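Here is the structure we will look at, set down as structure tokens.
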Amino acid sequence: MAKDAPPRWDRRMQQRLARGEAAALGELYDRFAALVHSQAYRVLEDEEAADQVTREVFGYIWENPDAYDPKQGSMRSWVARLTNSQAVHRLRRSEAAALAEGDGGTTEELEQKVRRAAVAARADYIVTSMPAPLRDALELAYFQRRDYRQTAADLGVTEDEARRRLRLGLQLLSTANTRALEDFSPPGYGRTL
């Protein structure tokens, strides 16, 4: 998925952020705030906590624009990775506090809840960072209940190409549940904000 050179917008955005351009942060926020908030909410199931994660992610980006490594993927996938990592960390912290107070059930239940959230976050990350043709095919098939023939017609591709895109997209998604929490973040991206 990662390319040798990042898209031009990603490079320019990183340079603008590194120069401290507040307008760049505003542009980045406008572009990715809905993504960040929705992914955080999916993990945390709490509007206030998702708002806080959104602020933390954009604060981290503002303070650390050089943490983005174009070799690891697009800025969009980096922002999604930061969001997922921070949301899972916040969930673990809040659930551990509830467990310590006697409100959160058992340690095993805590780990299961965190694992489910991490898998959901990883699935969101995979969908967010997969190439647009694969994502478009999956969205048509899943959200609009299109079969591969209808997907092919909607995308203007052959039926074989639609099947290939759906199969590859589903194969990528299937990895969401197979990765351990320790493998959730590549080096340099797994740091808590």
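By convention here, the chains of the structure tokens are called A, B, ... in the order presented, each chain's residues are numbered starting at 1, and ligands are numbered starting at 1 in the order presented.
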
Quiz item: Near A:Thr151, counting only C-alpha atoms, which residues have an atom at most 7 Å away, once you skip same-chain residues fewer than 6 positions from it, shown as a PyMOL selection string?
Solution: chain A and resi 137+140-141+162

Quiz prompt | Residues near A:Ala87, cut-off 10 Å, only C-alpha atoms, skip fewer than 4 positions along chain, as a ChimeraX atom specification | solution = /A:36-37,39-44,49-50,52-54,56-57,81-83,91-93,117-118,121,192

Exercise. Any chance you could list, as a PyMOL selection string, the residues in chain A that come up alpha helix (DSSP H) when DSSP is run on the backbone?
Key: chain A and resi 8-18+22-44+47-63+75-100+107-129+132-143+148-155+159-174
